[in-house]
Each structure stands twice: as structure tokens, then as C-alpha cells.
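Data file: query-v7.tsv. Format and content: TSV, C-alpha atoms (C1' of nucleotides).
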chain	number	residue	atom	x	y	z
A	871	MET	CA	0.00	0.00	0.00
A	872	THR	CA	3.03	2.20	0.28
A	873	ASN	CA	2.46	3.72	-3.08
A	874	LEU	CA	-1.04	3.33	-4.29
A	875	PRO	CA	-2.07	5.28	-7.30
A	876	LEU	CA	-2.70	8.59	-5.65
A	877	PRO	CA	-6.23	9.49	-6.67
A	878	GLN	CA	-7.66	7.65	-3.72
A	879	THR	CA	-10.42	10.20	-3.75
A	880	GLY	CA	-13.51	9.05	-1.99
A	881	SER	CA	-11.42	7.03	0.37
A	882	CYS	CA	-11.00	8.06	3.98
A	883	PRO	CA	-8.45	10.63	5.19
A	884	VAL	CA	-6.53	8.07	7.16
A	885	ALA	CA	-6.12	5.87	4.13
A	886	THR	CA	-4.88	8.85	2.14
A	887	THR	CA	-2.30	9.75	4.71
A	888	VAL	CA	-1.26	6.16	5.12
A	889	SER	CA	-0.71	5.91	1.38
A	890	LEU	CA	1.32	9.11	1.38
A	891	LEU	CA	3.32	8.84	4.56
A	892	SER	CA	3.31	5.33	5.85
A	893	SER	CA	6.61	3.66	5.26
A	894	LYS	CA	8.06	4.77	8.50
A	895	TRP	CA	10.86	6.80	6.98
A	896	LYS	CA	8.68	9.33	5.25
A	897	LEU	CA	7.38	10.84	8.46
A	898	LEU	CA	10.93	11.18	9.69
A	899	ILE	CA	12.05	12.79	6.45
A	900	VAL	CA	9.21	15.28	6.46
A	901	ARG	CA	9.90	16.01	10.11
A	902	ASP	CA	13.44	17.02	9.19
A	903	LEU	CA	12.45	19.00	6.14
A	904	LEU	CA	10.00	21.01	8.24
A	905	LYS	CA	13.11	22.59	9.72
A	906	GLY	CA	14.23	23.75	6.30
A	907	THR	CA	16.07	22.73	3.17
A	908	LYS	CA	18.41	19.79	3.57
A	909	ARG	CA	21.01	18.13	1.43
A	910	TYR	CA	20.89	14.44	0.79
A	911	SER	CA	23.79	13.77	3.11
A	912	GLU	CA	22.20	15.78	5.90
A	913	LEU	CA	19.06	13.70	5.67
A	914	LYS	CA	21.13	10.56	5.62
A	915	GLN	CA	22.57	11.76	8.91
A	916	SER	CA	19.46	12.98	10.64
A	917	VAL	CA	17.10	10.22	9.62
A	918	ALA	CA	18.79	7.72	11.84
A	919	SER	CA	19.69	4.35	10.42
A	920	VAL	CA	17.94	4.70	7.11
A	921	SER	CA	19.70	2.96	4.27
A	922	GLN	CA	20.82	4.88	1.22
A	923	LYS	CA	18.48	2.91	-0.97
A	924	ARG	CA	15.42	3.48	1.12
A	925	LEU	CA	16.21	7.14	1.68
A	926	THR	CA	16.52	7.70	-2.05
A	927	ARG	CA	13.34	5.80	-2.81
A	928	SER	CA	11.39	7.53	-0.09
A	929	LEU	CA	12.52	10.90	-1.39
A	930	ARG	CA	11.54	9.97	-4.92
A	931	GLU	CA	8.11	8.90	-3.79
A	932	LEU	CA	7.61	12.02	-1.71
A	933	GLU	CA	8.63	14.01	-4.75
A	934	GLN	CA	6.23	12.20	-7.04
A	935	ASP	CA	3.45	12.69	-4.53
A	936	GLY	CA	4.12	16.40	-4.59
A	937	LEU	CA	5.22	16.75	-0.99
A	938	VAL	CA	8.92	17.32	-1.58
A	939	LEU	CA	10.89	19.36	-4.09
A	940	ARG	CA	14.29	18.27	-5.34
A	941	GLU	CA	16.83	20.70	-6.71
A	942	VAL	CA	20.03	19.57	-8.37
A	943	PHE	CA	22.95	21.97	-8.60
A	944	PRO	CA	25.17	21.24	-11.60
A	945	VAL	CA	28.45	21.45	-9.72
A	946	ILE	CA	31.22	19.06	-8.92
A	947	PRO	CA	30.93	17.46	-6.47
A	948	PRO	CA	27.17	17.28	-6.96
A	949	ARG	CA	24.84	19.11	-4.65
A	950	VAL	CA	21.22	18.10	-4.25
A	951	GLU	CA	18.81	19.91	-2.00
A	952	TYR	CA	15.44	18.78	-0.75
A	953	ARG	CA	12.71	20.93	0.65
A	954	LEU	CA	8.99	20.72	1.29
A	955	SER	CA	6.53	21.88	-1.31
A	956	PRO	CA	3.64	24.06	-0.10
A	957	LEU	CA	1.62	20.88	0.12
A	958	GLY	CA	4.33	19.23	2.16
A	959	ASP	CA	4.58	22.23	4.41
A	960	SER	CA	0.85	22.08	4.99
A	961	LEU	CA	1.53	18.98	7.02
A	962	ARG	CA	2.94	21.16	9.77
A	963	PRO	CA	-0.21	21.24	11.92
A	964	LEU	CA	-0.35	17.49	11.76
A	965	PHE	CA	3.14	17.23	13.15
A	966	SER	CA	2.18	19.70	15.78
A	967	ALA	CA	-0.72	17.49	16.82
A	968	LEU	CA	1.68	14.62	16.88
A	969	LYS	CA	3.99	16.47	19.20
A	970	ASP	CA	1.10	17.35	21.49
A	971	TRP	CA	0.12	13.74	21.69
A	972	ASP	CA	3.63	12.70	22.52
A	973	LEU	CA	3.67	15.05	25.50
A	974	MET	CA	0.49	13.51	26.77
A	975	TYR	CA	1.90	10.08	26.15
A	976	LEU	CA	5.09	10.74	28.07
A	977	ASP	CA	3.11	12.22	30.92
A	978	LEU	CA	0.88	9.18	31.13
A	979	LYS	CA	3.79	6.79	30.98
A	980	GLN	CA	5.47	8.66	33.78
A	981	LYS	CA	2.43	8.47	36.03
A	982	GLU	CA	2.23	4.78	35.27
A	983	SER	CA	5.71	4.16	36.56
A	984	SER	CA	5.26	6.16	39.73
B	157	MET	CA	11.11	-0.50	13.74
B	158	THR	CA	7.58	-1.71	13.95
B	159	ASN	CA	7.96	-2.68	17.55
B	160	LEU	CA	10.81	-1.03	19.25
B	161	PRO	CA	11.09	-1.36	22.97
B	162	LEU	CA	8.66	1.31	23.98
B	163	PRO	CA	10.61	3.54	26.32
B	164	GLN	CA	11.94	5.62	23.49
B	165	THR	CA	11.97	8.48	25.89
B	166	GLY	CA	14.25	11.25	24.88
B	167	SER	CA	13.59	10.48	21.27
B	168	CYS	CA	11.49	12.79	19.13
B	169	PRO	CA	7.68	12.72	19.04
B	170	VAL	CA	7.61	11.61	15.45
B	171	ALA	CA	9.81	8.63	16.20
B	172	THR	CA	7.55	7.69	19.08
B	173	THR	CA	4.45	7.77	16.95
B	174	VAL	CA	6.15	5.93	14.17
B	175	SER	CA	7.16	3.19	16.56
B	176	LEU	CA	3.62	2.93	17.87
B	177	LEU	CA	1.53	3.35	14.77
B	178	SER	CA	3.58	2.81	11.68
B	179	SER	CA	2.79	-0.49	10.11
B	180	LYS	CA	0.07	0.84	7.97
B	181	TRP	CA	-2.68	-1.27	9.46
B	182	LYS	CA	-2.51	0.19	12.92
B	183	LEU	CA	-3.67	3.62	11.88
B	184	LEU	CA	-6.59	2.05	10.09
B	185	ILE	CA	-7.46	-0.07	13.10
B	186	VAL	CA	-7.33	2.89	15.48
B	187	ARG	CA	-9.41	4.90	13.04
B	188	ASP	CA	-12.14	2.29	13.24
B	189	LEU	CA	-11.93	1.90	16.99
B	190	LEU	CA	-12.35	5.65	17.41
B	191	LYS	CA	-15.93	5.02	16.34
B	192	GLY	CA	-16.43	2.64	19.22
B	193	THR	CA	-16.00	-0.93	20.35
B	194	LYS	CA	-15.63	-3.45	17.57
B	195	ARG	CA	-15.56	-7.19	17.34
B	196	TYR	CA	-12.74	-8.97	15.60
B	197	SER	CA	-14.91	-9.82	12.63
B	198	GLU	CA	-16.06	-6.23	12.28
B	199	LEU	CA	-12.49	-5.02	12.13
B	200	LYS	CA	-11.69	-7.72	9.63
B	201	GLN	CA	-14.45	-6.23	7.51
B	202	SER	CA	-13.74	-2.55	7.91
B	203	VAL	CA	-9.96	-2.64	7.71
B	204	ALA	CA	-10.02	-3.45	4.04
B	205	SER	CA	-7.85	-6.25	2.75
B	206	VAL	CA	-5.96	-6.94	5.94
B	207	SER	CA	-5.14	-10.59	6.44
B	208	GLN	CA	-6.35	-12.47	9.47
B	209	LYS	CA	-2.81	-13.04	10.59
B	210	ARG	CA	-1.71	-9.45	10.34
B	211	LEU	CA	-4.90	-8.10	11.92
B	212	THR	CA	-4.38	-10.35	14.91
B	213	ARG	CA	-0.74	-9.37	15.27
B	214	SER	CA	-1.44	-5.68	14.91
B	215	LEU	CA	-4.11	-5.91	17.56
B	216	ARG	CA	-1.76	-7.75	19.90
B	217	GLU	CA	0.90	-5.10	19.43
B	218	LEU	CA	-1.55	-2.28	19.96
B	219	GLU	CA	-2.69	-4.04	23.09
B	220	GLN	CA	0.85	-4.46	24.39
B	221	ASP	CA	1.57	-0.83	23.69
B	222	GLY	CA	-1.42	0.12	25.77
B	223	LEU	CA	-3.48	1.68	23.02
B	224	VAL	CA	-6.12	-1.01	22.68
B	225	LEU	CA	-8.06	-3.07	25.20
B	226	ARG	CA	-9.17	-6.60	24.45
B	227	GLU	CA	-12.11	-8.21	26.16
B	228	VAL	CA	-12.96	-11.87	25.75
B	229	PHE	CA	-16.46	-13.04	26.52
B	230	PRO	CA	-16.57	-16.65	27.64
B	231	VAL	CA	-19.44	-17.68	25.43
B	232	ILE	CA	-19.88	-20.04	22.54
B	233	PRO	CA	-19.33	-19.03	19.86
B	234	PRO	CA	-16.59	-16.79	21.23
B	235	ARG	CA	-16.99	-13.06	21.31
B	236	VAL	CA	-13.98	-10.76	21.48
B	237	GLU	CA	-14.30	-7.02	21.62
B	238	TYR	CA	-11.68	-4.42	21.01
B	239	ARG	CA	-11.76	-0.83	22.10
B	240	LEU	CA	-9.37	2.02	22.64
B	241	SER	CA	-7.78	2.58	26.00
B	242	PRO	CA	-7.77	6.17	27.32
B	243	LEU	CA	-4.32	6.49	25.82
B	244	GLY	CA	-5.57	5.21	22.49
B	245	ASP	CA	-8.51	7.55	22.61
B	246	SER	CA	-6.16	10.44	23.23
B	247	LEU	CA	-5.08	10.01	19.63
B	248	ARG	CA	-8.37	11.53	18.54
B	249	PRO	CA	-7.05	15.07	17.98
B	250	LEU	CA	-4.30	13.64	15.86
B	251	PHE	CA	-6.81	11.95	13.62
B	252	SER	CA	-8.75	15.13	13.50
B	253	ALA	CA	-5.65	16.98	12.28
B	254	LEU	CA	-5.20	14.27	9.75
B	255	LYS	CA	-8.71	14.75	8.48
B	256	ASP	CA	-8.19	18.49	8.23
B	257	TRP	CA	-5.09	17.96	6.19
B	258	ASP	CA	-6.88	15.59	3.87
B	259	LEU	CA	-9.48	18.25	3.12
B	260	MET	CA	-6.74	20.68	2.20
B	261	TYR	CA	-5.07	18.02	0.15
B	262	LEU	CA	-8.18	17.20	-1.83
B	263	ASP	CA	-8.85	20.87	-2.42
B	264	LEU	CA	-5.34	21.42	-3.72
B	265	LYS	CA	-5.48	18.38	-5.96
B	266	GLN	CA	-8.75	19.59	-7.39
B	267	LYS	CA	-7.38	23.01	-8.24
B	268	GLU	CA	-4.41	21.32	-9.85
B	269	SER	CA	-6.60	19.44	-12.24
B	270	SER	CA	-8.69	22.45	-13.23
C	1383	DC	C1'	28.51	13.90	-3.26
C	1384	DG	C1'	24.63	11.59	-4.50
C	1385	DG	C1'	23.37	8.35	-6.14
C	1386	DT	C1'	22.69	2.95	-9.10
C	1387	DA	C1'	23.23	-1.99	-9.47
C	1388	DT	C1'	23.68	-6.27	-7.33
C	1389	DC	C1'	23.17	-9.91	-4.21
C	1390	DC	C1'	21.34	-11.84	-0.18
C	1391	DT	C1'	18.39	-12.35	3.74
C	1392	DA	C1'	14.41	-11.14	6.71
C	1393	DA	C1'	9.77	-9.73	6.91
C	1394	DC	C1'	5.38	-9.92	5.17
C	1395	DA	C1'	1.23	-11.56	2.36
C	1396	DG	C1'	-2.03	-15.40	0.92
C	1397	DA	C1'	-4.07	-19.64	1.11
C	1398	DT	C1'	-5.41	-23.44	3.45
C	1399	DA	C1'	-6.29	-26.46	7.31
C	1400	DC	C1'	-7.43	-26.89	11.95
C	1401	DT	C1'	-9.25	-25.76	17.01
C	1402	DG	C1'	-11.54	-24.26	21.57
D	678	DC	C1'	-16.37	-16.78	16.10
D	679	DA	C1'	-11.81	-15.84	16.76
D	680	DG	C1'	-8.26	-17.27	16.28
D	681	DT	C1'	-3.40	-20.60	15.67
D	682	DA	C1'	-0.27	-23.37	12.61
D	683	DT	C1'	1.99	-24.23	8.46
D	684	DC	C1'	3.63	-23.72	4.02
D	685	DT	C1'	4.68	-20.98	-0.06
D	686	DG	C1'	5.53	-16.99	-2.84
D	687	DT	C1'	6.66	-11.71	-2.94
D	688	DT	C1'	8.43	-7.82	-1.39
D	689	DA	C1'	11.22	-4.90	1.55
D	690	DG	C1'	15.55	-4.06	3.74
D	691	DG	C1'	20.85	-4.28	4.59
D	692	DA	C1'	25.61	-4.59	2.77
D	693	DT	C1'	28.67	-3.89	-0.61
D	694	DA	C1'	30.61	-2.29	-4.93
D	695	DC	C1'	30.71	0.94	-8.30
D	696	DC	C1'	29.81	5.54	-11.18
D	697	DG	C1'	29.25	10.52	-13.06
Would it be possible to restate this file's structure as C-alpha cells?
Amino acid sequence: MTNLPLPQTGSCPVATTVSLLSSKWKLLIVRDLLKGTKRYSELKQSVASVSQKRLTRSLRELEQDGLVLREVFPVIPPRVEYRLSPLGDSLRPLFSALKDWDLMYLDLKQKESS
Amino acid sequence: MTNLPLPQTGSCPVATTVSLLSSKWKLLIVRDLLKGTKRYSELKQSVASVSQKRLTRSLRELEQDGLVLREVFPVIPPRVEYRLSPLGDSLRPLFSALKDWDLMYLDLKQKESS
DNA sequence: CGGTATCCTAACAGATACTG
DNA sequence: CAGTATCTGTTAGGATACCG
């Protein structure tokens, strides 16, 4: 289901998001790109333990889905920058909600252990 | 990464959520349980195209992670009900944000094609 | 630097049969 | 009904080597 043909119109929002972002790495990539433009090597660093292959593929898919923009600078050595498209950036509130939930989660786990 | 040891404390919120919910089916399961208690067979129906095996495993993992509660009724034929724990239910705002984003997404896709 | 191409293994899906 | 067990493909992931 990782990359269904996109026009899943009519389907539910969760299914849409799953088709766009599930594949655990994509959320992590978008998380990093929300902080700004990143080079390939920076993403390789910050998205812990992702393999080169999967990082590249995930980026390609995010690009095809219109969430990420890829810019190649014709220099040697090569320089490739990734950043969020407006659509990708519109995910920001969702990540904010995610962060809020995490706070609640940590709080609850702490009470549990006390 | 599907089931990391939970105490990922110190890690980022996105990583936490990924560890809890990534594995595409889990989001779909939680989505359905947000509507209320469901029997196994109901989930099998509404979580489209999930296999019996994977549905069971996902439910077990969600249960272990404290998001889902499982109640077995000692009757014949058996009756097993699943529902969200308070922690699981606290995901509701996140799903709401997800729905909001989907609306924006659909809107943008529509403009694109016009 | 930012990738492909290749090989190999681990994880997952699907079908079927069986059980309390 | 709600699973478990088993067996068999497919697909995803990791490691390595190489290239413009």
C-alpha cells in the first residue's frame, strides 16, 4: 500500500495519509524538512539508520506525490537539496498534533511508573 | 522498527508515533476503533484487505503498547471485543488533524486538475 | 557527493487447514 | 467466532561495490 495510485479520492483521510506517509521513513524525512532545506547527506545523517536505498526511494516517492521538491545543482561534487513543497509544508499542523500527543503520552507513561 | 522497545523516551515525538503506529494497518485499526468498540470480525471487515494473521498481530501489538483493550467473553461461539484505551482515545485530535489535512489536500489536488 | 546496481536475507502476504 | 499453525511466494531491507 506504500504507493497506491494517488487518486484515492472518496477514500477516507486516514487511508490517504497512510498511502502518502506510511513507510516509517517518510514521516521522519518530512519532520526534518520542516526545519528547512536539507542536502541528501544531511538527511542521511538525521534520519537515523535509514539505508541509502530506502532514503533515495522515499525521497523519490515524496517528490512524485508532490510533498517534496528536489533541486540539483550542476556542480562538482554534486549538490542536491530537498525541501517541502507548499503541500508538504501544509503537514505542519499534523506534526504539531503529533507532538502534542507525545507530550500527553510521556506524561501518562510517567504516572504509570510512579 | 515496527515494535521497538517502547521507552523511546528522549527520542522525538515523530519517532515515538512511528514506533507505535507505523505499520500501515494500525492507523486504520485505530481509526475504526475511534468510532467505538468493535468485534474482531467487524475489524476484519472494515480494515479493508488486511489478512487475518496481520490483523491479529497488529491488535496484539496495539494491546501491548497500551493503546487497545481486548475483552474476551466466555461464550460459545466466542466473542472478542476491542476498544481504545484512554491512551488510544487520546489520539483523537491527531486523527482530527489528519482529516483536516486531507481536506486541504483534496482541495489542492482539485485546483491542480482544473 | 549523491546516487545505481547487485546480491542476499528477513519480513510480510495469501491460502489453506485446523481448534476451543 | 476468533483465532493458531503451516507452508509458499513476494516484497522490503541491509551490505557492498561501483559511477558521473
For chain A, work out the contacting residues on chain D at 10 Å, counting all atoms listed in the file, and write them as a PyMOL selection string.
chain D and resi 689-692+697
Residue with smallest distance to Gly192 in chain B - pool B:Val224, B:Leu176, B:Ala204, B:Leu215, counting all atoms listed in the file
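Closest candidate: B:Val224.
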Contacts of Pro963 in chain A at 12 Å or less, counting all atoms listed in the file, minus same-chain residues fewer than 2 places along, as a VMD selection string?
(chain A and resid 901 904 957 to 961 965 to 970) or (chain B and resid 249 to 258 260)
Produce a table with one row for each residue of chain C that has an atom at most 12 Å from any atom of chain A, each row naming the nearest atom pair and its distance in Å at one decimal; use all atoms listed in the file; arrange rows by chain and rising residue number; format as a Markdown table.
| residue | atom | partner | partner_atom | distance |
| --- | --- | --- | --- | --- |
| C:DC1383 | C1' | A:Pro948 | CA | 5.2 |
| C:DG1384 | C1' | A:Pro948 | CA | 6.7 |
| C:DG1385 | C1' | A:Thr926 | CA | 8.0 |
| C:DT1386 | C1' | A:Lys923 | CA | 9.2 |
| C:DA1387 | C1' | A:Lys923 | CA | 10.9 |
| C:DA1395 | C1' | A:Met871 | CA | 11.9 |
Interatomic distance (Å, one decimal) between CA of Leu223 in chain B and CA of Leu240 in chain B
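Interatomic distance here is 5.9 Å.
With only C-alpha atoms as the atoms that count, the residue of A:Glu931, A:Leu913, A:Leu973, A:Leu939 with the shortest distance to chain B is A:Leu973.
Put simply, CA of Pro956 in chain A is 15.8 Å away from CA of Lys908 in chain A.
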Residue with smallest distance to chain B - pool A:Lys914, A:Lys905, A:Arg930, A:Lys979, counting only C-alpha atoms:
A:Lys979
Give me, please, the distance in Å between CA of Val917 in chain A and CA of Ser892 in chain A, quoted to one decimal.
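Separation between CA of Val917 in chain A and CA of Ser892 in chain A: 15.1 Å.
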Nearest residue to chain B out of A:Leu932, A:Ser881, A:Thr886, A:Leu925, using only C-alpha atoms?
A:Thr886
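Take the candidates B:Tyr238, B:Gln201, B:Thr193, B:Trp181 and check each one against Arg213 in chain B using all atoms listed in the file; the shortest distance goes to B:Trp181.
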Would you compute, for all listed atoms of range 955-965 of chain A, the axis-aligned bounding box grown by 5 Å on each side, and then report its centre and edge lengths in Å rounded to one decimal, as JSON?
{"center_x": 3.1, "center_y": 20.6, "center_z": 5.9, "size_x": 16.9, "size_y": 16.8, "size_z": 24.5}
